[in-house]
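*Asks:* What follows is entry_29.cif, made up of mmCIF, C-alpha atoms:
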```cif
data_target
loop_
_atom_site.label_atom_id
_atom_site.label_comp_id
_atom_site.auth_asym_id
_atom_site.auth_seq_id
_atom_site.Cartn_x
_atom_site.Cartn_y
_atom_site.Cartn_z
CA MET A 1 -5.76 14.84 20.32
CA ASN A 2 -8.39 13.30 18.06
CA GLU A 3 -8.29 13.17 14.25
CA ASP A 4 -10.41 16.28 13.71
CA GLU A 5 -8.28 18.33 16.09
CA PHE A 6 -5.10 17.12 14.40
CA ARG A 7 -6.44 17.98 10.96
CA GLN A 8 -7.57 21.46 12.01
CA ARG A 9 -4.27 22.22 13.73
CA LEU A 10 -2.38 21.04 10.64
CA ARG A 11 -4.47 23.22 8.34
CA GLU A 12 -3.78 26.24 10.53
CA TRP A 13 -0.04 25.46 10.52
CA ILE A 14 0.01 25.13 6.72
CA GLU A 15 -1.81 28.43 6.30
CA LYS A 16 0.66 30.16 8.59
CA ASN A 17 3.93 28.56 7.45
CA SER A 18 3.72 27.84 3.73
CA LYS A 19 3.58 31.33 2.23
CA ASP A 20 7.21 31.26 1.05
CA VAL A 21 7.15 27.66 -0.17
CA PRO A 22 6.50 27.14 -3.91
CA LYS A 23 3.31 25.21 -4.52
CA GLY A 24 3.13 22.62 -7.30
CA LYS A 25 0.44 22.05 -9.88
CA ILE A 26 1.18 18.37 -10.43
CA LEU A 27 1.65 17.76 -6.71
CA PHE A 28 2.83 14.15 -6.71
CA GLU A 29 6.27 14.84 -8.13
CA THR A 30 9.18 17.14 -7.30
CA VAL A 31 9.82 17.68 -11.01
CA GLU A 32 8.65 21.30 -10.66
CA PHE A 33 11.04 22.14 -7.85
CA ASP A 34 14.62 22.86 -8.86
CA ASN A 35 15.79 24.43 -5.61
CA TYR A 36 16.95 21.42 -3.61
CA ASN A 37 18.14 23.59 -0.72
CA LEU A 38 14.61 24.97 -0.40
CA LEU A 39 13.19 21.44 -0.33
CA ARG A 40 15.68 20.52 2.38
CA GLU A 41 14.75 23.57 4.45
CA TRP A 42 11.07 22.73 4.02
CA GLN A 43 11.61 19.18 5.29
CA ARG A 44 13.43 20.49 8.38
CA LYS A 45 10.54 22.86 8.98
CA LEU A 46 8.08 19.97 8.82
CA TYR A 47 10.22 17.97 11.22
CA ASN A 48 10.50 20.81 13.72
CA ALA A 49 6.72 21.21 13.65
CA GLY A 50 6.21 17.50 14.33
CA TYR A 51 4.74 16.56 10.94
CA LEU A 52 7.41 14.06 9.86
CA GLY A 53 8.01 10.66 11.36
CA ILE A 54 4.46 10.80 12.73
CA THR A 55 4.30 7.04 13.37
CA TRP A 56 7.96 6.60 14.36
CA PRO A 57 8.92 5.95 18.00
CA LYS A 58 9.77 9.10 19.92
CA GLU A 59 13.24 7.86 20.81
CA TYR A 60 14.22 8.09 17.14
CA GLY A 61 12.78 11.56 16.57
CA GLY A 62 9.21 10.56 15.73
CA GLN A 63 5.84 11.41 17.26
CA GLY A 64 4.66 7.92 18.21
CA LEU A 65 1.15 8.44 16.77
CA ASP A 66 -1.17 6.00 15.01
CA PRO A 67 -0.81 5.60 11.19
CA ILE A 68 -4.13 7.39 10.57
CA TYR A 69 -2.48 10.69 11.54
CA GLU A 70 0.21 10.26 8.91
CA VAL A 71 -2.51 9.62 6.33
CA ILE A 72 -4.21 12.88 7.35
CA ALA A 73 -0.91 14.70 6.87
CA TYR A 74 -0.59 13.32 3.35
CA GLU A 75 -4.12 14.46 2.55
CA GLU A 76 -3.64 18.00 3.81
CA PHE A 77 -0.21 18.68 2.30
CA ILE A 78 -1.29 17.32 -1.08
CA ARG A 79 -4.44 19.42 -0.93
CA ALA A 80 -2.26 22.48 -0.32
CA GLY A 81 0.05 21.59 -3.23
CA LEU A 82 3.05 21.25 -0.92
CA PRO A 83 5.82 18.62 -1.02
CA TYR A 84 5.27 15.87 1.53
CA GLY A 85 6.72 12.38 1.46
CA ARG A 86 7.86 12.92 -2.14
CA SER A 87 10.29 15.67 -1.24
CA LEU A 88 14.07 15.48 -1.65
CA GLY A 89 14.19 13.22 1.40
CA SER A 90 11.60 10.81 0.02
CA ILE A 91 13.89 7.78 -0.35
CA GLY A 92 15.07 8.16 3.21
CA LEU A 93 11.55 8.60 4.54
CA MET A 94 9.69 6.08 2.37
CA VAL A 95 12.34 3.42 1.67
CA ALA A 96 15.31 3.42 4.03
CA ALA A 97 13.48 4.34 7.23
CA PRO A 98 10.78 1.62 7.07
CA ALA A 99 13.50 -1.00 6.48
CA ILE A 100 15.63 0.25 9.37
CA LEU A 101 12.63 0.67 11.71
CA LYS A 102 11.43 -2.92 11.19
CA HIS A 103 14.66 -4.82 10.55
CA GLY A 104 17.57 -2.62 11.68
CA ASN A 105 19.46 -2.90 14.95
CA GLU A 106 19.43 -0.31 17.71
CA ASP A 107 22.68 1.34 16.61
CA GLN A 108 21.37 1.77 13.05
CA LYS A 109 18.09 3.27 14.28
CA ARG A 110 19.80 5.83 16.48
CA LYS A 111 22.47 6.68 13.90
CA TYR A 112 20.36 7.09 10.77
CA LEU A 113 16.70 7.77 11.61
CA PRO A 114 16.96 11.23 13.25
CA ARG A 115 19.23 12.43 10.43
CA ILE A 116 16.71 11.21 7.83
CA LEU A 117 13.94 13.19 9.49
CA LYS A 118 16.02 16.37 9.64
CA ALA A 119 17.18 16.04 6.01
CA GLU A 120 20.78 15.96 7.24
CA ASP A 121 21.33 12.91 5.02
CA ILE A 122 19.92 12.26 1.56
CA TRP A 123 19.35 8.63 0.59
CA CYS A 124 18.98 6.76 -2.68
CA GLN A 125 17.76 3.27 -3.51
CA GLY A 126 19.76 0.49 -5.18
CA PHE A 127 17.24 -2.13 -6.26
CA SER A 128 16.68 -2.25 -10.05
CA GLU A 129 19.37 -3.30 -12.51
CA PRO A 130 19.45 -3.17 -16.34
CA GLN A 131 18.42 -6.85 -16.47
CA ALA A 132 16.44 -6.94 -13.20
CA GLY A 133 13.63 -4.44 -12.92
CA SER A 134 10.25 -6.07 -12.44
CA ASP A 135 11.98 -9.40 -11.67
CA LEU A 136 13.84 -7.98 -8.70
CA ALA A 137 15.02 -11.36 -7.38
CA SER A 138 17.22 -11.82 -10.46
CA ILE A 139 19.66 -9.04 -9.47
CA LYS A 140 23.34 -9.75 -10.07
CA THR A 141 25.15 -6.99 -8.13
CA ARG A 142 27.28 -9.05 -5.78
CA ALA A 143 28.51 -8.43 -2.25
CA GLU A 144 31.34 -10.85 -1.48
CA GLU A 145 32.25 -11.48 2.17
CA LYS A 146 35.80 -10.52 3.09
CA GLY A 147 36.13 -10.91 6.86
CA GLU A 148 34.52 -7.90 8.56
CA TYR A 149 33.26 -6.32 5.36
CA PHE A 150 31.74 -7.01 1.93
CA VAL A 151 33.19 -6.06 -1.42
CA VAL A 152 30.46 -4.88 -3.79
CA ASN A 153 30.66 -5.02 -7.59
CA GLY A 154 27.86 -4.40 -10.05
CA GLN A 155 25.43 -1.83 -11.37
CA LYS A 156 22.12 -0.26 -10.32
CA ILE A 157 19.76 1.90 -12.39
CA TRP A 158 16.89 4.37 -11.86
CA SER A 159 18.38 5.48 -8.53
CA SER A 160 16.63 8.76 -7.69
CA TYR A 161 18.89 11.43 -6.15
CA ALA A 162 21.98 9.18 -6.23
CA HIS A 163 23.93 12.21 -7.48
CA LEU A 164 23.09 14.00 -4.22
CA ALA A 165 22.88 11.09 -1.78
CA ASN A 166 24.99 10.40 1.28
CA TYR A 167 23.76 6.81 1.58
CA MET A 168 22.17 4.08 -0.51
CA ILE A 169 19.97 1.23 0.67
CA LEU A 170 21.37 -1.54 -1.53
CA LEU A 171 19.95 -4.96 -2.33
CA ALA A 172 22.88 -7.22 -3.28
CA ARG A 173 23.49 -10.90 -3.94
CA THR A 174 25.44 -12.70 -1.22
CA GLY A 175 24.45 -16.26 -2.16
CA GLU A 176 23.13 -18.31 -5.04
CA ASP A 177 19.59 -18.95 -3.80
CA ARG A 178 17.13 -16.75 -5.71
CA TYR A 179 15.54 -15.25 -2.58
CA ASN A 180 17.62 -16.36 0.40
CA GLY A 181 20.81 -15.29 -1.34
CA LEU A 182 20.01 -11.58 -1.07
CA THR A 183 21.16 -9.12 1.61
CA MET A 184 20.22 -5.49 2.29
CA LEU A 185 23.14 -3.13 2.92
CA ILE A 186 23.69 0.51 3.83
CA VAL A 187 26.33 1.98 1.49
CA ASP A 188 28.24 5.21 2.02
CA MET A 189 27.91 6.97 -1.36
CA LYS A 190 30.90 9.26 -0.81
CA GLN A 191 33.58 6.56 -0.88
CA GLU A 192 35.88 5.49 -3.68
CA GLY A 193 34.74 2.94 -6.23
CA ILE A 194 31.26 4.43 -6.81
CA LYS A 195 30.44 6.19 -10.08
CA VAL A 196 27.10 7.97 -10.56
CA SER A 197 25.85 8.75 -14.09
CA PRO A 198 22.69 10.92 -14.38
CA ILE A 199 19.91 9.83 -16.76
CA HIS A 200 18.29 12.63 -18.74
CA GLN A 201 14.48 12.40 -18.44
CA MET A 202 11.80 13.58 -20.85
CA THR A 203 10.63 16.03 -18.19
CA GLY A 204 13.92 17.89 -18.67
CA LYS A 205 15.44 16.85 -15.34
CA SER A 206 18.00 14.23 -14.35
CA ASP A 207 16.90 12.95 -10.95
CA PHE A 208 17.43 9.31 -11.99
CA ASN A 209 20.90 7.80 -12.17
CA THR A 210 22.90 4.72 -13.06
CA VAL A 211 25.30 3.75 -10.26
CA TYR A 212 28.40 1.59 -10.81
CA PHE A 213 30.22 -0.26 -7.98
CA ASN A 214 33.87 -1.24 -8.38
CA ASN A 215 35.30 -3.06 -5.34
CA VAL A 216 33.31 -0.93 -2.88
CA LYS A 217 33.86 -1.91 0.76
CA VAL A 218 30.79 -2.14 3.02
CA PRO A 219 31.29 -3.08 6.69
CA LYS A 220 29.16 -5.94 8.01
CA GLU A 221 27.68 -3.62 10.63
CA ASN A 222 25.82 -2.04 7.69
CA VAL A 223 23.67 -5.13 7.04
CA ILE A 224 19.98 -4.39 7.64
CA GLY A 225 18.53 -7.46 9.33
CA LYS A 226 20.56 -10.60 8.69
CA ILE A 227 22.70 -11.84 5.83
CA GLY A 228 20.29 -13.61 3.47
CA ASP A 229 17.23 -11.67 4.68
CA GLY A 230 17.40 -9.07 1.95
CA TRP A 231 14.23 -10.21 0.18
CA LYS A 232 12.23 -9.95 3.41
CA VAL A 233 13.54 -6.42 3.98
CA ALA A 234 12.79 -5.49 0.36
CA MET A 235 9.16 -6.61 0.76
CA THR A 236 8.78 -4.35 3.80
CA VAL A 237 10.08 -1.47 1.72
CA LEU A 238 7.84 -2.18 -1.28
CA ASN A 239 4.65 -2.60 0.78
CA HIS A 240 5.21 0.73 2.50
CA GLU A 241 6.23 2.50 -0.69
CA ARG A 242 3.20 1.28 -2.66
CA PHE A 243 0.77 2.34 0.06
CA THR A 244 2.22 5.83 0.42
CA LEU A 245 2.46 6.24 -3.36
CA GLY A 246 -1.15 5.14 -3.62
CA ILE A 247 -2.30 7.73 -1.07
CA THR A 248 -0.40 10.45 -2.88
CA MET A 249 -1.82 9.58 -6.29
CA LEU A 250 -5.36 9.11 -5.01
CA PHE A 251 -5.57 12.64 -3.68
CA THR A 252 -3.62 14.06 -6.58
CA SER A 253 -6.16 12.43 -8.92
CA LYS A 254 -9.01 13.94 -6.94
CA ILE A 255 -7.54 17.44 -7.11
CA ALA A 256 -6.58 17.13 -10.78
CA LEU A 257 -10.07 15.92 -11.67
CA GLU A 258 -11.58 18.92 -9.89
CA ARG A 259 -9.40 21.17 -12.07
CA LEU A 260 -10.75 19.70 -15.30
CA LYS A 261 -13.38 22.15 -16.56
CA ASP A 262 -15.59 22.34 -19.64
CA ILE A 263 -14.69 18.80 -20.70
CA SER A 264 -17.39 16.22 -21.39
CA GLY A 265 -17.22 12.52 -20.66
CA LEU A 266 -15.74 12.70 -17.15
CA GLU A 267 -18.48 10.62 -15.53
CA GLU A 268 -16.53 7.37 -15.80
CA LEU A 269 -13.45 8.94 -14.20
CA ARG A 270 -15.58 10.30 -11.36
CA ASP A 271 -17.08 6.85 -10.82
CA ASP A 272 -13.58 5.33 -10.75
CA LEU A 273 -12.46 7.92 -8.22
CA GLU A 274 -15.49 7.31 -6.02
CA GLY A 275 -14.81 3.57 -6.03
CA LEU A 276 -11.15 4.13 -5.20
CA GLU A 277 -12.04 6.45 -2.32
CA THR A 278 -14.41 3.80 -0.93
CA PHE A 279 -11.61 1.25 -1.01
CA TYR A 280 -9.28 3.75 0.64
CA ARG A 281 -11.76 4.32 3.47
CA ARG A 282 -11.73 0.55 4.09
CA LEU A 283 -7.96 0.78 4.54
CA LEU A 284 -8.44 3.56 7.08
CA VAL A 285 -10.61 1.21 9.12
CA LYS A 286 -7.73 -1.29 9.18
CA LEU A 287 -5.30 1.40 10.27
CA ARG A 288 -7.60 2.56 13.07
CA LYS A 289 -7.72 -1.05 14.31
CA GLY A 290 -3.93 -1.15 14.39
CA GLU A 291 -3.72 -3.62 11.49
CA ASP A 292 -1.04 -3.48 8.79
CA VAL A 293 -1.80 -2.76 5.15
CA ASP A 294 -0.48 -5.60 3.01
CA VAL A 295 -1.47 -6.38 -0.58
CA GLU A 296 -4.11 -3.63 -0.36
CA GLY A 297 -1.26 -1.18 -0.85
CA ALA A 298 -0.55 -2.75 -4.23
CA ILE A 299 -4.22 -2.43 -5.20
CA LEU A 300 -4.31 1.22 -4.16
CA LYS A 301 -1.12 1.99 -6.07
CA LEU A 302 -2.25 0.12 -9.20
CA VAL A 303 -5.67 1.76 -9.52
CA SER A 304 -4.61 5.27 -8.46
CA SER A 305 -1.63 5.39 -10.83
CA GLU A 306 -3.71 4.36 -13.83
CA LEU A 307 -6.50 6.78 -12.90
CA LEU A 308 -3.99 9.62 -12.56
CA GLN A 309 -2.56 8.83 -15.98
CA LYS A 310 -6.02 8.87 -17.59
CA ILE A 311 -6.81 12.28 -16.08
CA TYR A 312 -3.66 13.89 -17.49
CA GLU A 313 -4.19 12.25 -20.89
CA ILE A 314 -7.71 13.67 -21.08
CA ALA A 315 -6.43 17.11 -20.11
CA VAL A 316 -3.77 17.30 -22.83
CA SER A 317 -6.21 15.84 -25.38
CA ASN A 318 -8.86 18.49 -24.77
CA TYR A 319 -7.18 21.75 -23.74
CA ASP A 320 -5.52 24.20 -26.08
CA LEU A 321 -1.73 24.46 -26.15
CA GLU A 322 -1.62 27.68 -24.12
CA THR A 323 -3.62 26.15 -21.27
CA ILE A 324 -1.62 22.92 -21.36
CA MET A 325 1.65 24.82 -21.04
CA LYS A 326 0.50 27.47 -18.57
CA GLU A 327 -1.19 25.03 -16.21
CA LYS A 328 1.60 22.47 -16.65
CA TRP A 329 -0.75 19.68 -17.71
CA TYR A 330 1.97 18.52 -20.11
CA LEU A 331 4.43 18.09 -17.25
CA GLY A 332 1.94 16.04 -15.27
CA MET A 333 1.18 13.89 -18.29
CA LEU A 334 4.87 13.15 -18.89
CA ALA A 335 5.64 12.47 -15.24
CA SER A 336 2.51 10.35 -14.72
CA ARG A 337 3.83 7.75 -17.19
CA GLY A 338 6.41 6.73 -14.62
CA ARG A 339 3.81 6.34 -11.89
CA THR A 340 2.61 3.06 -13.45
CA ILE A 341 6.21 1.80 -13.37
CA ALA A 342 7.80 3.01 -10.11
CA GLY A 343 7.05 0.87 -7.08
CA GLY A 344 6.07 -2.07 -9.27
CA THR A 345 4.67 -1.97 -12.79
CA SER A 346 0.94 -2.36 -13.32
CA GLU A 347 1.59 -5.80 -14.85
CA ILE A 348 3.60 -7.00 -11.85
CA LEU A 349 1.00 -5.68 -9.41
CA ARG A 350 -1.78 -7.47 -11.29
CA ASN A 351 0.20 -10.71 -11.03
CA LEU A 352 0.73 -10.09 -7.31
CA ILE A 353 -2.95 -9.40 -6.69
CA GLY A 354 -3.98 -12.41 -8.76
CA GLU A 355 -1.71 -14.76 -6.83
CA ARG A 356 -2.21 -13.42 -3.30
CA VAL A 357 -5.84 -12.23 -3.37
CA LEU A 358 -7.54 -14.33 -6.06
CA LYS A 359 -5.28 -17.37 -5.44
CA LEU A 360 -4.61 -17.81 -9.14
CA PRO A 361 -1.73 -20.09 -10.18
CA LYS A 362 1.63 -18.52 -10.89
#
```
Any chance you could put this one into structure tokens?

*Replies:*
Amino acid sequence: MNEDEFRQRLREWIEKNSKDVPKGKILFETVEFDNYNLLREWQRKLYNAGYLGITWPKEYGGQGLDPIYEVIAYEEFIRAGLPYGRSLGSIGLMVAAPAILKHGNEDQKRKYLPRILKAEDIWCQGFSEPQAGSDLASIKTRAEEKGEYFVVNGQKIWSSYAHLANYMILLARTGEDRYNGLTMLIVDMKQEGIKVSPIHQMTGKSDFNTVYFNNVKVPKENVIGKIGDGWKVAMTVLNHERFTLGITMLFTSKIALERLKDISGLEELRDDLEGLETFYRRLLVKLRKGEDVDVEGAILKLVSSELLQKIYEIAVSNYDLETIMKEKWYLGMLASRGRTIAGGTSEILRNLIGERVLKLPK
């Protein structure tokens, strides 16, 4: 099946199967959807139709297709205003699964991956800490070896869906070296010693959480990769997350810009969008060649997140209050602020691009 056939078949499936699924107006965020059970059912429906895990090996529940087909799926579901990738299972799909697929052992792949696809397990992410956000390598949450298990003590923050999660993918310190002293662990969130405290957001929801660990036992079989390889695993996660976030925000920006009507001065935004789409098409060429997207994902995420934020700011600055509230422009504007922070702040991404692309000194 070629790309055009895949896209047409997907469009027909969406038309036939999405009538009872609430469609969002801000598209890139689940902030509009309060019914988590409905989101879970929707993810299972996508899985059963073969539209999740598109690039994953078939033995773990995937489709074994080239990455370009997953990109097409993102495009079409975003265009339809339907949750995809950023649904309730987003941390499992976008964070935990890429780490397990590339660095996990066979037992971990067979145990966790099919359940992630079917939304049988909800995952959260334990990376940031109150004193270690952008400087991720300075985390202090410690996992101390005790024979066949680790004992974890510390604190994580901004953990989406931790209040619902079955598992966390946790970056913890197992040694003193800044980078080689980090290890990635799979933590059962339902055990004793874990306290989850929701964080009230300005959007009115509490999807973020602070998570406290008090002598939490994690068996060594739950290490992803090797002890001391946590930074390498984290980079796999961040590269994948930034690319998929960038795709989502690119097409959200395109749709949101099309919705802006009777507002002058949009030419610069349209030029920015055209340039971003040209860059995106270059990435598609890499994917079709079977090449990995590396720092380009950071560029896509940086530019698309800032463009998205500008679009919502213009909307709330020009429309009347009734339109802003009815069309939920205010909600998009509030939620878009976090898009320049999550997955790496704009400042951190500029540093990364400067060092790795422009070869500027650190």

*Asks:* Once the PyMOL selection byres ((chain A and resi 230) around 8) has been evaluated on this model, what residues remain selected, and can you format them as a VMD selection string?

*Replies:* chain A and resid 171 to 172 179 to 184 224 to 229 231 to 234

*Asks:* Hey, which of A:Ala132, A:Ala80, A:Ala137, A:Met235 ends up closest to Ala99 of chain A? Count all atoms listed in the file.

*Replies:*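 Looking only at the distances to Ala99 of chain A, the closest residue turns out to be A:Met235.
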
*Asks:* To one decimal place in Å, what is the distance between atom CA of Gln108 of chain A and atom CA of Thr55 of chain A?

*Replies:*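 Between atom CA of Gln108 of chain A and atom CA of Thr55 of chain A the gap is 17.9 Å.
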
*Asks:* Do a neighbour search on Ile116 of chain A at 8 Å with all atoms listed in the file, toss out local chain neighbours closer than 5 positions, and write the hits as number ranges by chain.

*Replies:* A: 89, 92-93, 97, 121-122

*Asks:* Taking the file as I've supplied it (selection: the PyMOL selection byres ((chain A and resi 273-285) around 10)), which residues are included? Please answer as a VMD selection string.

*Replies:* chain A and resid 67 to 68 71 243 246 to 247 250 to 251 253 to 254 257 267 to 272 286 to 294 296 to 297 299 to 300 303 to 304 307 to 308

*Asks:* Exactly which residues make up the result of the PyMOL selection byres ((chain A and resi 263) around 9) on this file, given as a PyMOL selection string?

*Replies:* chain A and resi 260-262+264-266+314-315+318-319

*Asks:* Take the selection from the previous step and output its residues with C-alpha atoms, as a PDB file, in the frame of the given file.

*Replies:*
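Wrote out-v7.pdb, looks like this:
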```pdb
ATOM      1  CA  LEU A 260     -10.750  19.700 -15.300  1.00  0.00           C
ATOM      2  CA  LYS A 261     -13.380  22.150 -16.560  1.00  0.00           C
ATOM      3  CA  ASP A 262     -15.590  22.340 -19.640  1.00  0.00           C
ATOM      4  CA  SER A 264     -17.390  16.220 -21.390  1.00  0.00           C
ATOM      5  CA  GLY A 265     -17.220  12.520 -20.660  1.00  0.00           C
ATOM      6  CA  LEU A 266     -15.740  12.700 -17.150  1.00  0.00           C
ATOM      7  CA  ILE A 314      -7.710  13.670 -21.080  1.00  0.00           C
ATOM      8  CA  ALA A 315      -6.430  17.110 -20.110  1.00  0.00           C
ATOM      9  CA  ASN A 318      -8.860  18.490 -24.770  1.00  0.00           C
ATOM     10  CA  TYR A 319      -7.180  21.750 -23.740  1.00  0.00           C
TER      11      TYR A 319
END
```

*Asks:* Tell me, as JSON, numbers by chain, which residues lie within 12 Å of Gln155 of chain A, counting only C-alpha atoms; anything in the same chain fewer than 4 positions away does not count.

*Replies:* {"A": [126, 127, 128, 129, 130, 131, 132, 139, 140, 141, 142, 143, 159, 170, 171, 172, 173, 193, 194, 195, 196, 197, 209, 210, 211, 212, 213, 214, 215, 216]}

*Asks:* Please, what distance in Å, to one decimal, runs between atom CA of Arg337 of chain A and atom CA of Arg350 of chain A?

*Replies:* 17.3 Å

*Asks:* Using only C-alpha atoms, list the residues that have an atom at most 12 Å from (3.7, 13.8, 10.8), coordinates as in the file, as a ChimeraX atom specification.

*Replies:* /A:6-7,9-10,43,45-58,61-77,84-85,93,117

*Asks:* Have a look at atom CA of Leu238 of chain A and atom CA of Glu306 of chain A and let me know their distance in Å, one decimal.

*Replies:*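 The value is 18.3 Å.
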
*Asks:* Within 10 Å of (30.1, 5.6, 0.6) (coordinates as in the file), grab all the protein and nucleic acid residues, counting all atoms listed in the file, and write them out as a list in words.

*Replies:* Ala165, Asn166, Tyr167, Met168, Ile186, Val187, Asp188, Met189, Lys190, Gln191, Glu192, Gly193, Ile194, Val216, Lys217 and Val218 of chain A

*Asks:* With C-alpha atoms retained, could you export that selection as a PDB file, keeping the file's coordinate frame?

*Replies:*
```pdb
ATOM      1  CA  ALA A 165      22.880  11.090  -1.780  1.00  0.00           C
ATOM      2  CA  ASN A 166      24.990  10.400   1.280  1.00  0.00           C
ATOM      3  CA  TYR A 167      23.760   6.810   1.580  1.00  0.00           C
ATOM      4  CA  MET A 168      22.170   4.080  -0.510  1.00  0.00           C
ATOM      5  CA  ILE A 186      23.690   0.510   3.830  1.00  0.00           C
ATOM      6  CA  VAL A 187      26.330   1.980   1.490  1.00  0.00           C
ATOM      7  CA  ASP A 188      28.240   5.210   2.020  1.00  0.00           C
ATOM      8  CA  MET A 189      27.910   6.970  -1.360  1.00  0.00           C
ATOM      9  CA  LYS A 190      30.900   9.260  -0.810  1.00  0.00           C
ATOM     10  CA  GLN A 191      33.580   6.560  -0.880  1.00  0.00           C
ATOM     11  CA  GLU A 192      35.880   5.490  -3.680  1.00  0.00           C
ATOM     12  CA  GLY A 193      34.740   2.940  -6.230  1.00  0.00           C
ATOM     13  CA  ILE A 194      31.260   4.430  -6.810  1.00  0.00           C
ATOM     14  CA  VAL A 216      33.310  -0.930  -2.880  1.00  0.00           C
ATOM     15  CA  LYS A 217      33.860  -1.910   0.760  1.00  0.00           C
ATOM     16  CA  VAL A 218      30.790  -2.140   3.020  1.00  0.00           C
TER      17      VAL A 218
END
```
